[in-house]
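Asker: Got coords.txt for you, compact mmCIF, C-alpha atoms:
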# COMPACT_ATOMS: atom_id res chain seq x y z
CA MET A 61 111.73 50.83 73.26
CA THR A 62 115.03 49.25 72.26
CA PHE A 63 116.88 52.51 72.86
CA TYR A 64 115.57 52.93 76.39
CA TYR A 65 116.18 49.30 77.28
CA GLN A 66 119.77 49.53 76.11
CA HIS A 67 120.29 52.85 77.90
CA TYR A 68 119.14 51.58 81.28
CA SER A 69 120.83 48.23 80.95
CA VAL A 70 124.28 49.83 81.13
CA CYS A 71 123.56 51.76 84.38
CA GLN A 72 125.70 50.58 87.24
CA PRO A 73 124.21 50.08 90.73
CA SER A 74 126.17 53.10 91.98
CA GLN A 75 124.63 55.25 89.22
CA ILE A 76 121.13 54.11 90.11
CA MET A 77 121.75 54.93 93.78
CA LEU A 78 122.99 58.39 92.77
CA LEU A 79 119.82 59.00 90.76
CA LYS A 80 117.66 57.90 93.69
CA THR A 81 119.55 60.34 95.90
CA LEU A 82 119.36 63.30 93.51
CA LEU A 83 115.80 63.02 92.20
CA PRO A 84 113.99 64.01 95.44
CA ALA A 85 116.19 67.09 95.75
CA LEU A 86 115.51 68.04 92.13
CA PHE A 87 111.75 67.76 92.63
CA LEU A 88 111.98 70.00 95.70
CA LEU A 89 113.87 72.64 93.72
CA LEU A 90 111.62 72.51 90.67
CA PRO A 91 108.88 74.90 91.91
CA GLY A 92 111.44 77.51 92.87
CA LEU A 93 113.24 77.16 89.58
CA LEU A 94 110.01 77.63 87.66
CA LEU A 95 109.14 80.71 89.69
CA ALA A 96 112.59 82.24 89.32
CA ASN A 97 113.23 81.58 85.66
CA GLY A 98 109.91 81.80 83.92
CA PRO A 99 106.39 83.20 84.10
CA VAL A 100 103.91 81.59 86.46
CA GLU A 101 100.20 81.30 85.85
CA ASP A 102 98.52 84.04 87.86
CA HIS A 103 95.02 83.36 89.17
CA SER A 104 95.13 86.09 91.83
CA LYS A 105 92.11 88.35 92.20
CA ALA A 106 91.20 91.50 94.09
CA ASP A 107 91.82 91.13 97.82
CA SER A 108 92.29 93.25 100.92
CA ASP A 109 95.02 95.84 100.53
CA GLY A 110 96.37 99.09 101.85
CA PRO A 111 96.44 101.47 103.39
CA LEU A 112 97.52 103.82 100.63
CA VAL A 113 98.49 107.23 101.99
CA LEU A 114 98.12 109.85 99.28
CA TYR A 115 98.67 113.60 99.36
CA ARG A 116 96.01 115.59 97.51
CA GLY A 117 96.30 119.36 97.90
CA ASN A 118 95.80 120.21 101.58
CA TYR A 119 94.46 116.78 102.42
CA ILE A 120 95.83 113.33 103.18
CA LEU A 121 93.72 110.51 101.75
CA VAL A 122 93.97 107.03 103.23
CA LYS A 123 92.54 104.40 100.88
CA ALA A 124 92.14 100.70 101.55
CA LEU A 125 90.24 97.58 100.53
CA GLU A 126 88.54 95.87 103.46
CA TYR A 127 86.24 92.89 103.84
CA ARG A 128 82.81 93.57 105.27
CA ASP A 129 81.55 90.05 105.89
CA THR A 130 82.47 88.46 102.53
CA ILE A 131 82.30 91.62 100.44
CA LEU A 132 85.43 93.55 99.49
CA VAL A 133 84.76 97.24 100.05
CA PRO A 134 86.94 100.24 99.08
CA THR A 135 87.28 102.86 101.83
CA THR A 136 88.63 106.41 101.86
CA VAL A 137 89.32 108.56 104.92
CA LYS A 138 90.40 112.20 104.63
CA TYR A 139 92.79 113.90 107.07
CA GLN A 140 94.22 117.40 107.31
CA SER A 141 97.17 116.63 109.61
CA ARG A 142 99.78 113.86 109.66
CA ALA A 143 99.48 113.70 113.43
CA ASP A 144 95.85 112.62 113.14
CA VAL A 145 96.48 109.69 110.80
CA ARG A 146 96.07 106.22 112.32
CA LEU A 147 96.95 103.27 110.10
CA GLN A 148 96.36 99.54 110.23
CA CYS A 149 97.43 96.61 108.04
CA TYR A 150 95.50 93.37 107.93
CA VAL A 151 96.54 90.08 106.27
CA PRO A 152 93.43 87.85 106.14
CA LYS A 153 95.23 84.56 105.42
CA GLU A 154 96.77 84.38 108.89
CA GLU A 155 94.54 87.06 110.44
CA ASP A 156 97.66 89.11 111.08
CA ARG A 157 97.12 92.72 112.05
CA PHE A 158 99.36 95.60 113.09
CA SER A 159 98.85 99.31 113.68
CA PHE A 160 101.24 102.23 113.27
CA ARG A 161 101.58 105.97 112.82
CA LEU A 162 103.14 108.04 110.05
CA HIS A 163 106.75 109.06 110.61
CA ASP A 164 107.11 112.60 111.90
CA THR A 165 109.53 113.35 109.07
CA LEU A 166 111.20 111.52 106.19
CA ALA A 167 114.96 112.02 105.83
CA ILE A 168 117.67 110.74 103.51
CA GLU A 169 119.35 107.68 105.05
CA PRO A 170 123.07 107.74 105.91
CA GLU A 171 125.20 105.37 103.86
CA VAL A 172 127.96 104.51 106.38
CA TYR A 173 127.41 103.01 109.83
CA ALA A 174 129.55 101.63 112.64
CA ALA A 175 129.34 97.86 113.12
CA PRO A 176 126.52 96.80 115.50
CA ASP A 177 126.77 93.75 117.75
CA LYS A 178 124.38 91.83 115.53
CA MET A 179 122.77 92.11 112.10
CA LEU A 180 120.10 89.95 110.48
CA VAL A 181 120.19 90.17 106.68
CA LEU A 182 117.24 89.32 104.42
CA SER A 183 116.73 89.68 100.69
CA ASP A 184 114.14 89.24 97.92
CA ILE A 185 111.01 88.66 100.00
CA GLU A 186 108.90 89.65 96.94
CA GLY A 187 105.62 90.31 98.70
CA ASP A 188 105.69 87.06 100.70
CA PHE A 189 104.46 88.30 104.09
CA GLU A 190 104.42 84.79 105.56
CA ALA A 191 108.11 84.23 104.81
CA PHE A 192 109.01 87.69 106.14
CA LYS A 193 107.05 87.14 109.34
CA MET A 194 108.46 83.63 109.88
CA MET A 195 112.05 84.82 109.69
CA LEU A 196 111.60 87.92 111.83
CA ILE A 197 109.79 86.02 114.59
CA GLY A 198 112.15 83.04 114.37
CA ALA A 199 115.20 85.31 114.74
CA ARG A 200 113.48 87.23 117.56
CA VAL A 201 113.55 90.49 115.65
CA ILE A 202 109.82 90.91 116.37
CA ASP A 203 107.25 89.23 118.59
CA LYS A 204 103.94 87.75 117.48
CA LYS A 205 102.29 91.16 117.73
CA PHE A 206 104.83 92.56 115.24
CA ARG A 207 106.68 94.65 117.83
CA TRP A 208 110.45 95.20 117.57
CA THR A 209 112.31 92.97 120.04
CA TYR A 210 115.83 93.11 118.56
CA GLY A 211 117.15 95.83 120.87
CA ASN A 212 120.16 97.59 119.37
CA GLY A 213 120.49 95.04 116.58
CA HIS A 214 120.28 95.97 112.90
CA LEU A 215 117.90 94.46 110.35
CA VAL A 216 119.33 94.76 106.83
CA LEU A 217 116.90 94.26 103.94
CA LEU A 218 118.51 93.99 100.51
CA GLY A 219 115.61 94.97 98.30
CA ASP A 220 113.10 93.25 96.02
CA PHE A 221 110.10 93.38 98.32
CA PHE A 222 107.92 94.15 95.27
CA ASP A 223 106.37 91.82 92.68
CA ARG A 224 105.54 88.11 92.43
CA GLY A 225 103.89 87.95 95.87
CA LEU A 226 100.50 89.13 97.10
CA GLN A 227 101.32 91.19 100.21
CA VAL A 228 103.70 93.84 98.88
CA THR A 229 101.90 96.71 100.64
CA GLU A 230 101.84 94.87 103.96
CA CYS A 231 105.56 94.00 103.79
CA LEU A 232 106.47 97.62 103.08
CA TRP A 233 104.36 99.00 105.92
CA LEU A 234 105.83 96.49 108.37
CA ILE A 235 109.33 97.72 107.47
CA TYR A 236 108.13 101.30 107.80
CA LYS A 237 106.62 100.57 111.23
CA LEU A 238 109.71 98.75 112.52
CA GLU A 239 111.99 101.63 111.56
CA THR A 240 110.53 103.84 114.29
CA GLU A 241 110.52 101.10 116.92
CA ALA A 242 114.09 100.02 116.13
CA ALA A 243 115.38 103.59 116.38
CA ALA A 244 113.67 104.03 119.78
CA ALA A 245 115.47 100.90 121.04
CA GLY A 246 118.88 101.96 119.70
CA GLY A 247 118.67 99.61 116.71
CA LYS A 248 118.24 100.20 113.00
CA VAL A 249 116.29 98.96 109.99
CA HIS A 250 118.14 99.36 106.69
CA PHE A 251 116.01 99.11 103.56
CA ILE A 252 118.21 99.03 100.45
CA LEU A 253 116.62 99.39 97.04
CA GLY A 254 116.53 96.48 94.59
CA ASN A 255 115.77 96.22 90.91
CA HIS A 256 112.08 95.45 91.53
CA GLU A 257 111.65 98.63 93.57
CA VAL A 258 113.26 100.43 90.63
CA LEU A 259 111.00 98.70 88.08
CA ASN A 260 107.79 99.53 89.93
CA LEU A 261 108.70 103.17 90.39
CA GLN A 262 109.62 103.34 86.71
CA GLY A 263 106.17 102.01 85.81
CA ASP A 264 107.50 98.67 84.54
CA LEU A 265 104.86 96.30 85.94
CA GLN A 266 105.65 93.10 84.04
CA TYR A 267 106.11 91.09 87.26
CA MET A 268 103.15 92.57 89.14
CA ARG A 269 100.32 90.20 90.08
CA GLN A 270 96.78 90.57 88.74
CA LYS A 271 95.55 91.30 92.27
CA TYR A 272 97.05 94.78 92.06
CA VAL A 273 95.49 95.53 88.68
CA GLU A 274 92.05 94.71 90.10
CA ASN A 275 92.72 96.47 93.42
CA ALA A 276 93.74 99.67 91.64
CA LYS A 277 90.44 99.65 89.74
CA LEU A 278 88.38 99.08 92.89
CA MET A 279 90.21 101.85 94.76
CA GLN A 280 89.95 104.12 91.71
CA GLU A 281 93.64 104.90 92.12
CA ASP A 282 96.02 104.18 89.26
CA TYR A 283 98.78 101.84 90.50
CA LEU A 284 101.42 104.28 89.22
CA HIS A 285 100.21 106.75 91.89
CA TRP A 286 100.67 104.28 94.76
CA TYR A 287 104.40 104.98 94.91
CA ASP A 288 104.83 108.38 93.28
CA ASN A 289 106.04 111.60 94.92
CA ASN A 290 102.53 112.31 96.20
CA SER A 291 102.31 109.10 98.24
CA GLU A 292 103.82 108.31 101.64
CA LEU A 293 105.41 105.04 100.55
CA GLY A 294 106.76 106.69 97.40
CA ARG A 295 108.35 109.53 99.37
CA TRP A 296 109.71 107.03 101.90
CA LEU A 297 111.27 104.82 99.21
CA ARG A 298 112.99 107.88 97.76
CA THR A 299 114.93 108.35 101.03
CA LYS A 300 116.59 104.93 100.65
CA ASN A 301 120.04 104.00 99.42
CA ALA A 302 121.29 101.68 96.70
CA VAL A 303 124.37 100.72 98.72
CA GLU A 304 125.49 101.03 102.35
CA ARG A 305 128.60 100.15 104.33
CA ILE A 306 128.06 98.85 107.86
CA GLY A 307 131.31 98.18 109.68
CA ASP A 308 133.53 96.10 107.38
CA TYR A 309 130.59 94.95 105.20
CA VAL A 310 129.16 96.60 102.10
CA PHE A 311 125.53 95.78 101.31
CA CYS A 312 123.65 96.18 98.03
CA HIS A 313 120.92 94.32 96.20
CA ALA A 314 122.77 92.85 93.22
CA GLY A 315 126.49 93.64 93.42
CA ILE A 316 129.19 96.17 92.64
CA SER A 317 130.75 95.59 89.26
CA PRO A 318 134.38 96.36 88.38
CA GLU A 319 132.96 98.80 85.82
CA LEU A 320 131.19 100.76 88.56
CA ALA A 321 134.22 100.52 90.86
CA THR A 322 136.45 102.14 88.23
CA SER A 323 133.90 104.75 87.10
CA GLY A 324 135.07 107.48 89.45
CA LEU A 325 131.71 107.49 91.26
CA SER A 326 131.84 107.18 95.06
CA LEU A 327 129.24 105.23 97.07
CA HIS A 328 127.76 108.62 97.97
CA ASP A 329 127.52 109.51 94.28
CA VAL A 330 125.81 106.20 93.49
CA ASN A 331 123.19 106.82 96.19
CA GLN A 332 122.58 110.40 95.14
CA ILE A 333 122.17 109.40 91.50
CA SER A 334 119.87 106.48 92.33
CA ARG A 335 117.56 108.76 94.33
CA ARG A 336 117.66 111.58 91.81
CA TYR A 337 116.61 109.38 88.89
CA LEU A 338 114.46 106.83 90.75
CA GLY A 339 111.22 106.43 88.83
CA LYS A 340 112.59 107.63 85.50
CA PRO A 341 112.55 104.94 82.78
CA TYR A 342 116.03 103.83 81.76
CA GLN A 343 115.49 104.76 78.12
CA HIS A 344 114.87 108.37 79.20
CA LEU A 345 118.21 108.69 81.05
CA SER A 346 120.63 110.96 79.22
CA ASN A 347 123.15 111.37 82.05
CA SER A 348 126.02 108.88 81.53
CA ASN A 349 126.55 108.33 85.26
CA ALA A 350 122.85 107.58 85.75
CA GLN A 351 122.98 105.18 82.81
CA LEU A 352 125.78 103.25 84.53
CA VAL A 353 124.09 103.16 87.96
CA PHE A 354 120.85 101.83 86.45
CA ASP A 355 122.48 99.70 83.73
CA MET A 356 120.87 96.25 83.52
CA LYS A 357 124.23 94.50 83.15
CA TYR A 358 126.76 96.48 85.20
CA GLY A 359 124.55 98.65 87.44
CA ILE A 360 124.20 98.33 91.21
CA PHE A 361 120.61 97.01 90.98
CA TRP A 362 121.29 94.30 88.38
CA TYR A 363 124.92 93.10 88.37
CA ARG A 364 125.35 89.31 88.85
CA GLY A 365 129.04 88.67 88.17
CA ALA A 366 130.19 88.32 91.78
CA ALA A 367 127.16 86.25 92.84
CA LYS A 368 127.81 83.88 89.93
CA ASN A 369 131.48 83.46 90.91
CA GLN A 370 132.58 84.87 87.55
CA LEU A 371 135.16 87.40 88.73
CA SER A 372 138.84 87.00 89.41
CA GLU A 373 140.50 87.54 92.77
CA SER A 374 141.89 90.85 91.58
CA ASP A 375 138.39 91.98 90.49
CA ILE A 376 136.99 91.27 93.96
CA SER A 377 139.91 93.05 95.63
CA LEU A 378 139.26 96.05 93.39
CA VAL A 379 135.53 96.13 94.25
CA LEU A 380 136.08 95.81 97.99
CA GLN A 381 138.84 98.39 98.03
CA TYR A 382 136.51 100.76 96.18
CA ALA A 383 133.77 100.18 98.78
CA GLY A 384 136.15 100.39 101.75
CA ALA A 385 134.95 96.99 102.93
CA LYS A 386 136.26 93.50 103.66
CA ARG A 387 133.11 91.68 102.51
CA MET A 388 130.18 92.33 100.19
CA VAL A 389 126.68 90.93 100.90
CA VAL A 390 124.18 90.69 98.04
CA GLY A 391 120.79 89.24 97.08
CA HIS A 392 119.25 89.22 93.57
CA THR A 393 120.88 86.01 92.29
CA LEU A 394 119.11 82.88 93.57
CA GLN A 395 121.17 80.29 95.44
CA ASN A 396 120.23 76.94 96.94
CA ASP A 397 121.65 78.02 100.29
CA ILE A 398 123.33 80.99 101.94
CA ILE A 399 126.75 80.76 100.33
CA SER A 400 130.03 82.62 100.13
CA PHE A 401 132.55 82.98 97.32
CA TYR A 402 136.11 84.28 97.06
CA ASP A 403 137.29 82.98 100.45
CA GLY A 404 134.25 84.42 102.17
CA ARG A 405 134.52 87.91 100.73
CA VAL A 406 131.21 87.78 98.81
CA ILE A 407 128.12 86.45 100.61
CA CYS A 408 124.88 85.65 98.75
CA VAL A 409 121.53 85.57 100.60
CA ASP A 410 118.82 85.27 97.92
CA LEU A 411 117.05 81.95 98.50
CA TYR A 412 113.88 80.15 97.35
CA HIS A 413 111.76 81.60 100.17
CA GLU A 414 108.43 80.39 98.82
CA GLU A 415 109.63 76.81 98.52
CA ASN A 416 111.27 76.96 101.95
CA VAL A 417 108.01 78.19 103.51
CA ARG A 418 106.27 75.13 102.04
CA GLN A 419 108.83 73.04 103.89
CA GLY A 420 108.21 74.96 107.13
CA PHE A 421 111.17 77.32 107.46
CA VAL A 422 112.94 80.39 106.13
CA LYS A 423 116.73 80.77 106.23
CA THR A 424 119.02 83.77 106.20
CA LEU A 425 122.29 85.38 107.34
CA LEU A 426 123.20 86.49 110.85
CA ILE A 427 126.33 88.55 111.50
CA GLU A 428 127.14 88.53 115.20
CA ASP A 429 130.26 90.08 116.70
CA GLY A 430 131.69 90.18 113.18
CA ILE A 431 131.16 86.42 112.59
CA CYS A 432 128.80 85.11 109.90
CA PHE A 433 126.22 82.41 110.60
CA THR A 434 123.26 80.91 108.81
CA VAL A 435 120.06 80.77 110.86
CA ASP A 436 116.54 79.64 110.11
CA SER A 437 113.11 80.53 111.41
CA ARG A 438 112.79 77.33 113.43
CA GLY A 439 115.17 78.74 116.04
CA GLY A 440 117.74 75.98 115.66
CA ASP A 441 121.45 76.25 116.28
CA LYS A 442 123.46 78.76 114.34
CA SER A 443 125.72 77.28 111.69
CA SER A 444 128.99 78.81 110.55
CA LEU A 445 128.54 80.29 107.09
CA PHE A 446 132.03 79.44 106.00
CA ALA A 447 131.26 75.74 106.08
CA ILE A 448 129.36 76.60 102.87
CA MET A 449 132.00 78.27 100.77
CA VAL A 450 133.02 77.94 97.12
CA SER A 451 136.60 78.44 96.02
CA LYS A 452 137.48 81.63 94.24
CA LYS A 453 137.69 81.78 90.46
CA ALA A 454 141.22 81.29 89.21
CA GLU A 455 143.08 84.22 87.69
Could I get this structure in the form of structure tokens?

Answerer:
Amino acid sequence: MTFYYQHYSVCQPSQIMLLKTLLPALFLLLPGLLLANGPVEDHSKADSDGPLVLYRGNYILVKALEYRDTILVPTTVKYQSRADVRLQCYVPKEEDRFSFRLHDTLAIEPEVYAAPDKMLVLSDIEGDFEAFKMMLIGARVIDKKFRWTYGNGHLVLLGDFFDRGLQVTECLWLIYKLETEAAAAGGKVHFILGNHEVLNLQGDLQYMRQKYVENAKLMQEDYLHWYDNNSELGRWLRTKNAVERIGDYVFCHAGISPELATSGLSLHDVNQISRRYLGKPYQHLSNSNAQLVFDMKYGIFWYRGAAKNQLSESDISLVLQYAGAKRMVVGHTLQNDIISFYDGRVICVDLYHEENVRQGFVKTLLIEDGICFTVDSRGGDKSSLFAIMVSKKAE
């Protein structure tokens, strides 16, 4: 006891006030820190899920888990034509429901776009349908019936919609649905692959919740088949890019490393390689370019150097020149707020969404007429992003 008495006796009033100020903030951050940096105890069980759209010979099977009264029942419907397939997602927690049709065709996404009037950018939703819904409704991207209301605006999603959460399937189908509606209105949904999309398609399920293990057993459909080349979501994911340039901005999940920028690979090459080898475990990659693209330190799905403010000014200039962009926007590396580094040339949007939802809001990035703002789901005033900016790393 003597040690503690002596320790506290030398605290000055100003130090005590500082502790009183900081402790509440630390307690608010603690749940997010635990979720981000370590395993969480998983008590999830089988629950409603689907639909899964699976191609089996000349047939299309649509599998789901649905509640009949209080009993969870697996269902299977067989179709012979895509045009006949009608799909519905249901999220029991909020009694959310939306219907949609299969795309007529699936095509490889372009990687370069002209700048739209407005873009909303979200990252790392990780199966949290509530957070996704809150932000999209709050930013008036969709209405309460999950219909696109963003006109010719662009919704940019920077990957990691898999793992940790319990509504992965529902999040993916909502993106899928909104793609068609956005295109019809002159807008666009960009879904860019993240490392958790890569992990799941590789069969690395270390972050997957127990719910999906139990659901796969009930549906009698191995989870590895949910996103393979014989599934609709698997085929759809394989049309997506690892990196895109929209106007003066380059978007990717984790970041472009100087090593990638000096590799001789173009953005087009990176996207082609990522699609060609998507689903193949890293240890089975023999192609040196594929090894770099998927590398867990320097690759496009994993690199953290820029988001941790570890690069020099010349490194950032090199990366942006390589990408043909003035700014790079990334997720993957958790931040306490939407933040920019290197005089606003790197913008980070991965936040503690689950903790923010508990506090009643979700926050993200809005780019409007080329100007960056932070916005939240409560519909409050836009705030200039560059009020939250960290100085560049010295040479």

Asker: I'd like the interatomic distance between atom CA of Arg116 of chain A and atom CA of Tyr139 of chain A, to a tenth of an Å.

Answerer: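 The value is 10.2 Å.
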
Asker: In Å, rounded to a single decimal, give me how far atom CA of Val228 of chain A is from atom CA of Tyr342 of chain A.

Answerer: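 Separating atom CA of Tyr342 of chain A from atom CA of Val228 of chain A is a distance of 23.3 Å.
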
Asker: Would you give me, as a Markdown table, each residue of segment 291-329 of chain A having an atom within 12 Å of an atom of segment 159-164 of chain A, along with its shortest atom pair and that distance in Å to one decimal, using all atoms listed in the file and sorting by chain and residue number?

Answerer:
| residue | atom | partner | partner_atom | distance |
| --- | --- | --- | --- | --- |
| A:Ser291 | CA | A:Leu162 | CA | 11.9 |
| A:Glu292 | CA | A:Leu162 | CA | 8.4 |
| A:Leu293 | CA | A:Leu162 | CA | 10.2 |
| A:Arg295 | CA | A:His163 | CA | 11.4 |
| A:Trp296 | CA | A:His163 | CA | 9.4 |

Asker: Using Å and a single decimal, report how far atom CA of Thr165 of chain A sits from atom CA of Val181 of chain A.

Answerer: 25.6 Å

Asker: Between A:Ser400, A:Asn255, A:Asn212, A:Gln270, which is the closest to Leu226 of chain A once you count all atoms listed in the file?

Answerer: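 So, comparing all the options, the nearest one is A:Gln270.
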
Asker: Applying 10 Å and all atoms listed in the file, which residues near segment 196-198 of chain A remain after dropping the ones on its own chain fewer than 2 positions away? List them as number ranges by chain.

Answerer: A: 180, 182, 191-194, 200-210, 215, 421-423, 435-440

Asker: When you look at Gly246 of chain A with a cut-off of 8 Å (counting all atoms listed in the file), what residues show up, excluding the ones that are within fewer than 4 positions of it in the same chain? I need them as a ChimeraX atom specification.

Answerer: /A:211-213,242

Asker: Using all atoms listed in the file, find the one residue out of A:Gly110, A:Pro170, A:Gly117, A:Pro176 that sits nearest to Cys149 of chain A.

Answerer: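 For Cys149 of chain A, the nearest of the given residues is A:Gly110.
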
Asker: Return the single residue from A:Met179, A:Leu394, A:Val122, A:Leu380 that is closest to Lys368 of chain A, with distances computed using all atoms listed in the file.

Answerer: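 Counting all atoms listed in the file, the residue closest to Lys368 of chain A is A:Leu394.
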
Asker: Do a neighbour search on Ala174 of chain A at 9 Å with all atoms listed in the file, toss out local chain neighbours closer than 2 positions, and write the hits as a count of residues only.

Answerer: 6

Asker: Under the rule that only C-alpha atoms are counted, which of A:Leu234, A:Ile252, A:Arg224, A:Ile431 is the nearest residue to Tyr272 of chain A?

Answerer: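 For Tyr272 of chain A, the nearest of the candidates is A:Arg224.
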
Asker: Using all atoms listed in the file, which of the listed residues (A:Cys231, A:Tyr236, A:Gln140, A:Gln280) sits closest to Ala124 of chain A?

Answerer: A:Gln280

Asker: What does segment 257-297 of chain A look like written to a file with C-alpha atoms, as a JSON list (two decimals), in the first residue's frame?

Answerer:
[["chain", "number", "residue", "atom", "x", "y", "z"],
["A", 257, "GLU", "CA", -12.91, -11.21, -49.04],
["A", 258, "VAL", "CA", -9.59, -12.73, -50.10],
["A", 259, "LEU", "CA", -9.33, -14.86, -46.95],
["A", 260, "ASN", "CA", -12.83, -16.30, -47.27],
["A", 261, "LEU", "CA", -12.39, -17.18, -50.93],
["A", 262, "GLN", "CA", -9.06, -18.80, -50.07],
["A", 263, "GLY", "CA", -10.80, -20.95, -47.46],
["A", 264, "ASP", "CA", -9.11, -19.20, -44.52],
["A", 265, "LEU", "CA", -12.02, -18.99, -42.08],
["A", 266, "GLN", "CA", -10.23, -18.04, -38.85],
["A", 267, "TYR", "CA", -12.37, -14.90, -38.38],
["A", 268, "MET", "CA", -15.69, -16.47, -39.38],
["A", 269, "ARG", "CA", -18.41, -16.64, -36.71],
["A", 270, "GLN", "CA", -19.80, -19.93, -35.40],
["A", 271, "LYS", "CA", -23.20, -19.04, -36.88],
["A", 272, "TYR", "CA", -21.88, -19.84, -40.35],
["A", 273, "VAL", "CA", -20.43, -23.19, -39.30],
["A", 274, "GLU", "CA", -23.84, -24.23, -37.96],
["A", 275, "ASN", "CA", -25.74, -22.72, -40.90],
["A", 276, "ALA", "CA", -23.61, -24.61, -43.40],
["A", 277, "LYS", "CA", -24.45, -27.88, -41.63],
["A", 278, "LEU", "CA", -28.19, -27.12, -41.57],
["A", 279, "MET", "CA", -28.20, -26.17, -45.26],
["A", 280, "GLN", "CA", -26.05, -29.20, -46.09],
["A", 281, "GLU", "CA", -23.80, -26.91, -48.12],
["A", 282, "ASP", "CA", -20.12, -26.66, -47.26],
["A", 283, "TYR", "CA", -19.26, -23.00, -46.55],
["A", 284, "LEU", "CA", -16.43, -23.18, -49.10],
["A", 285, "HIS", "CA", -19.10, -23.61, -51.81],
["A", 286, "TRP", "CA", -21.00, -20.46, -50.81],
["A", 287, "TYR", "CA", -18.54, -18.25, -52.70],
["A", 288, "ASP", "CA", -16.91, -20.55, -55.24],
["A", 289, "ASN", "CA", -17.16, -20.35, -59.04],
["A", 290, "ASN", "CA", -20.46, -22.25, -58.97],
["A", 291, "SER", "CA", -22.23, -19.67, -56.81],
["A", 292, "GLU", "CA", -23.73, -16.33, -57.81],
["A", 293, "LEU", "CA", -21.99, -14.34, -55.08],
["A", 294, "GLY", "CA", -18.70, -16.08, -55.86],
["A", 295, "ARG", "CA", -18.95, -15.25, -59.56],
["A", 296, "TRP", "CA", -19.98, -11.69, -58.71],
["A", 297, "LEU", "CA", -17.05, -11.17, -56.33]]
